[in-house]
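Engineer: Sharing a structure, written as structure tokens. Questions coming.
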Amino acid sequence: KVPEALKEYMLPVRAERKEAALAAILDEYSNLFVVVFTSTCRIAEILKDTLANAGFSVNMAHGKMKQQDREEQISIFRAGESRILISTN
């Protein structure tokens, strides 16, 4: 169950349009903090790089990272220093 303070959305998009659709949503809602879940660590890494190259403030935490590194990335996100966190589900 999603806590009341959070909103959960799913938007079906064709694979070739996912990055563009996500960038458009992030632009539109630039005042919100967002967690994006991906199915693999590799996809998380690619998405983080893509969004960072597009000028978004983004961090990443996934299972192949050391626990300390994951916790640091999540802390940065929670502190508001980054508004987008990419993670594996």
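Residue names in the structure tokens use chain letters A, B, ... in the order shown, residue numbers from 1 in each chain, and ligand numbers from 1 in the order shown.
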Excluding Glu19 of chain A and residues on its chain fewer than 3 positions from it, collect all residues at most 9 Å away from it, counting only C-alpha atoms, and give them as a list in words.

Structural biologist: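 Close residues of Glu19 of chain A: Ala15, Glu16, Leu22, Ala23, Ala24, Leu47, Thr50 and Leu51 of chain A.
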
Engineer: Residues near segment 3-11 of chain A, anyone? I mean within 10 Å using only C-alpha atoms, not counting same-chain ones fewer than 3 positions away, as an MDAnalysis selection string.

Structural biologist: chainID A and resid 14 18 21:22 33:35

Engineer: Take the residues from that selection and write them out as a PDB file, in the first residue's frame, keeping C-alpha atoms.

Structural biologist:
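Listed below is the output, part-v1.pdb:
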```
ATOM      1  CA  ARG A  14       5.688   2.250 -26.012  1.00  0.00           C
ATOM      2  CA  LYS A  18       9.579   5.860 -22.527  1.00  0.00           C
ATOM      3  CA  ALA A  21       7.640  10.580 -21.998  1.00  0.00           C
ATOM      4  CA  LEU A  22       9.407  10.491 -18.636  1.00  0.00           C
ATOM      5  CA  PHE A  33      10.208  14.751  -5.906  1.00  0.00           C
ATOM      6  CA  VAL A  34      10.008  11.552  -7.932  1.00  0.00           C
ATOM      7  CA  VAL A  35      11.104   7.930  -7.499  1.00  0.00           C
TER       8      VAL A  35
END
```

Engineer: Using the chain letters and numbers from this document, which residues of segment 4-56 of chain A does DSSP assign to helix (DSSP H, G or I), as a VMD selection string?

Structural biologist: chain A and resid 15 to 28 41 to 53

Engineer: Would you put the residues from that selection into a file with N, CA and C atoms, as a PDB file, in the first residue's frame?

Structural biologist:
```
ATOM      1  N   ALA A  15       7.871   1.265 -25.713  1.00  0.00           N
ATOM      2  CA  ALA A  15       9.263   1.206 -25.271  1.00  0.00           C
ATOM      3  C   ALA A  15      10.119   2.319 -25.863  1.00  0.00           C
ATOM      4  N   GLU A  16       9.945   2.588 -27.143  1.00  0.00           N
ATOM      5  CA  GLU A  16      10.796   3.592 -27.804  1.00  0.00           C
ATOM      6  C   GLU A  16      10.464   5.025 -27.373  1.00  0.00           C
ATOM      7  N   ARG A  17       9.367   5.228 -26.651  1.00  0.00           N
ATOM      8  CA  ARG A  17       8.955   6.571 -26.221  1.00  0.00           C
ATOM      9  C   ARG A  17       9.100   6.791 -24.712  1.00  0.00           C
ATOM     10  N   LYS A  18       9.559   5.768 -23.988  1.00  0.00           N
ATOM     11  CA  LYS A  18       9.579   5.860 -22.527  1.00  0.00           C
ATOM     12  C   LYS A  18      10.437   7.005 -22.009  1.00  0.00           C
ATOM     13  N   GLU A  19      11.665   7.135 -22.495  1.00  0.00           N
ATOM     14  CA  GLU A  19      12.555   8.178 -21.988  1.00  0.00           C
ATOM     15  C   GLU A  19      12.003   9.566 -22.292  1.00  0.00           C
ATOM     16  N   ALA A  20      11.487   9.764 -23.495  1.00  0.00           N
ATOM     17  CA  ALA A  20      10.920  11.068 -23.873  1.00  0.00           C
ATOM     18  C   ALA A  20       9.685  11.378 -23.033  1.00  0.00           C
ATOM     19  N   ALA A  21       8.846  10.378 -22.804  1.00  0.00           N
ATOM     20  CA  ALA A  21       7.640  10.580 -21.998  1.00  0.00           C
ATOM     21  C   ALA A  21       8.003  10.927 -20.556  1.00  0.00           C
ATOM     22  N   LEU A  22       8.980  10.214 -20.005  1.00  0.00           N
ATOM     23  CA  LEU A  22       9.407  10.491 -18.636  1.00  0.00           C
ATOM     24  C   LEU A  22       9.994  11.892 -18.530  1.00  0.00           C
ATOM     25  N   ALA A  23      10.830  12.285 -19.475  1.00  0.00           N
ATOM     26  CA  ALA A  23      11.410  13.630 -19.463  1.00  0.00           C
ATOM     27  C   ALA A  23      10.321  14.694 -19.533  1.00  0.00           C
ATOM     28  N   ALA A  24       9.307  14.471 -20.343  1.00  0.00           N
ATOM     29  CA  ALA A  24       8.202  15.436 -20.452  1.00  0.00           C
ATOM     30  C   ALA A  24       7.439  15.547 -19.131  1.00  0.00           C
ATOM     31  N   ILE A  25       7.211  14.424 -18.482  1.00  0.00           N
ATOM     32  CA  ILE A  25       6.511  14.429 -17.190  1.00  0.00           C
ATOM     33  C   ILE A  25       7.358  15.143 -16.139  1.00  0.00           C
ATOM     34  N   LEU A  26       8.643  14.855 -16.118  1.00  0.00           N
ATOM     35  CA  LEU A  26       9.528  15.493 -15.143  1.00  0.00           C
ATOM     36  C   LEU A  26       9.611  17.000 -15.375  1.00  0.00           C
ATOM     37  N   ASP A  27       9.596  17.427 -16.628  1.00  0.00           N
ATOM     38  CA  ASP A  27       9.569  18.865 -16.942  1.00  0.00           C
ATOM     39  C   ASP A  27       8.272  19.497 -16.453  1.00  0.00           C
ATOM     40  N   GLU A  28       7.164  18.824 -16.712  1.00  0.00           N
ATOM     41  CA  GLU A  28       5.846  19.354 -16.355  1.00  0.00           C
ATOM     42  C   GLU A  28       5.672  19.487 -14.838  1.00  0.00           C
ATOM     43  N   CYS A  41      19.200  -3.242 -12.964  1.00  0.00           N
ATOM     44  CA  CYS A  41      20.234  -2.279 -12.595  1.00  0.00           C
ATOM     45  C   CYS A  41      20.780  -1.576 -13.829  1.00  0.00           C
ATOM     46  N   ARG A  42      20.943  -2.294 -14.901  1.00  0.00           N
ATOM     47  CA  ARG A  42      21.469  -1.700 -16.140  1.00  0.00           C
ATOM     48  C   ARG A  42      20.534  -0.619 -16.684  1.00  0.00           C
ATOM     49  N   ILE A  43      19.247  -0.882 -16.669  1.00  0.00           N
ATOM     50  CA  ILE A  43      18.280   0.123 -17.122  1.00  0.00           C
ATOM     51  C   ILE A  43      18.323   1.337 -16.200  1.00  0.00           C
ATOM     52  N   ALA A  44      18.466   1.109 -14.893  1.00  0.00           N
ATOM     53  CA  ALA A  44      18.572   2.220 -13.942  1.00  0.00           C
ATOM     54  C   ALA A  44      19.777   3.091 -14.274  1.00  0.00           C
ATOM     55  N   GLU A  45      20.901   2.464 -14.568  1.00  0.00           N
ATOM     56  CA  GLU A  45      22.119   3.209 -14.900  1.00  0.00           C
ATOM     57  C   GLU A  45      21.947   4.011 -16.188  1.00  0.00           C
ATOM     58  N   ILE A  46      21.372   3.391 -17.204  1.00  0.00           N
ATOM     59  CA  ILE A  46      21.150   4.082 -18.482  1.00  0.00           C
ATOM     60  C   ILE A  46      20.203   5.260 -18.281  1.00  0.00           C
ATOM     61  N   LEU A  47      19.115   5.044 -17.554  1.00  0.00           N
ATOM     62  CA  LEU A  47      18.141   6.105 -17.332  1.00  0.00           C
ATOM     63  C   LEU A  47      18.740   7.257 -16.537  1.00  0.00           C
ATOM     64  N   LYS A  48      19.521   6.937 -15.521  1.00  0.00           N
ATOM     65  CA  LYS A  48      20.180   7.992 -14.733  1.00  0.00           C
ATOM     66  C   LYS A  48      21.067   8.839 -15.631  1.00  0.00           C
ATOM     67  N   ASP A  49      21.888   8.193 -16.439  1.00  0.00           N
ATOM     68  CA  ASP A  49      22.783   8.931 -17.338  1.00  0.00           C
ATOM     69  C   ASP A  49      21.996   9.769 -18.340  1.00  0.00           C
ATOM     70  N   THR A  50      20.945   9.200 -18.890  1.00  0.00           N
ATOM     71  CA  THR A  50      20.112   9.921 -19.871  1.00  0.00           C
ATOM     72  C   THR A  50      19.490  11.163 -19.253  1.00  0.00           C
ATOM     73  N   LEU A  51      18.916  11.013 -18.069  1.00  0.00           N
ATOM     74  CA  LEU A  51      18.276  12.152 -17.415  1.00  0.00           C
ATOM     75  C   LEU A  51      19.301  13.195 -16.967  1.00  0.00           C
ATOM     76  N   ALA A  52      20.434  12.740 -16.447  1.00  0.00           N
ATOM     77  CA  ALA A  52      21.488  13.681 -16.040  1.00  0.00           C
ATOM     78  C   ALA A  52      21.992  14.471 -17.249  1.00  0.00           C
ATOM     79  N   ASN A  53      22.177  13.797 -18.375  1.00  0.00           N
ATOM     80  CA  ASN A  53      22.622  14.477 -19.594  1.00  0.00           C
ATOM     81  C   ASN A  53      21.585  15.464 -20.116  1.00  0.00           C
TER      82      ASN A  53
END
```

Engineer: May I have the residues within 12 Å of segment 70-77 of chain A as a PyMOL selection string, using only C-alpha atoms and disregarding those fewer than 2 positions away in the same chain?

Structural biologist: chain A and resi 32-35+57-68+79-88

Engineer: So that I can check the secondary structure, give me every residue of chain A assigned strand (DSSP E or B) by backbone DSSP, as a ChimeraX atom specification.

Structural biologist: /A:34-38,58-61,84-88
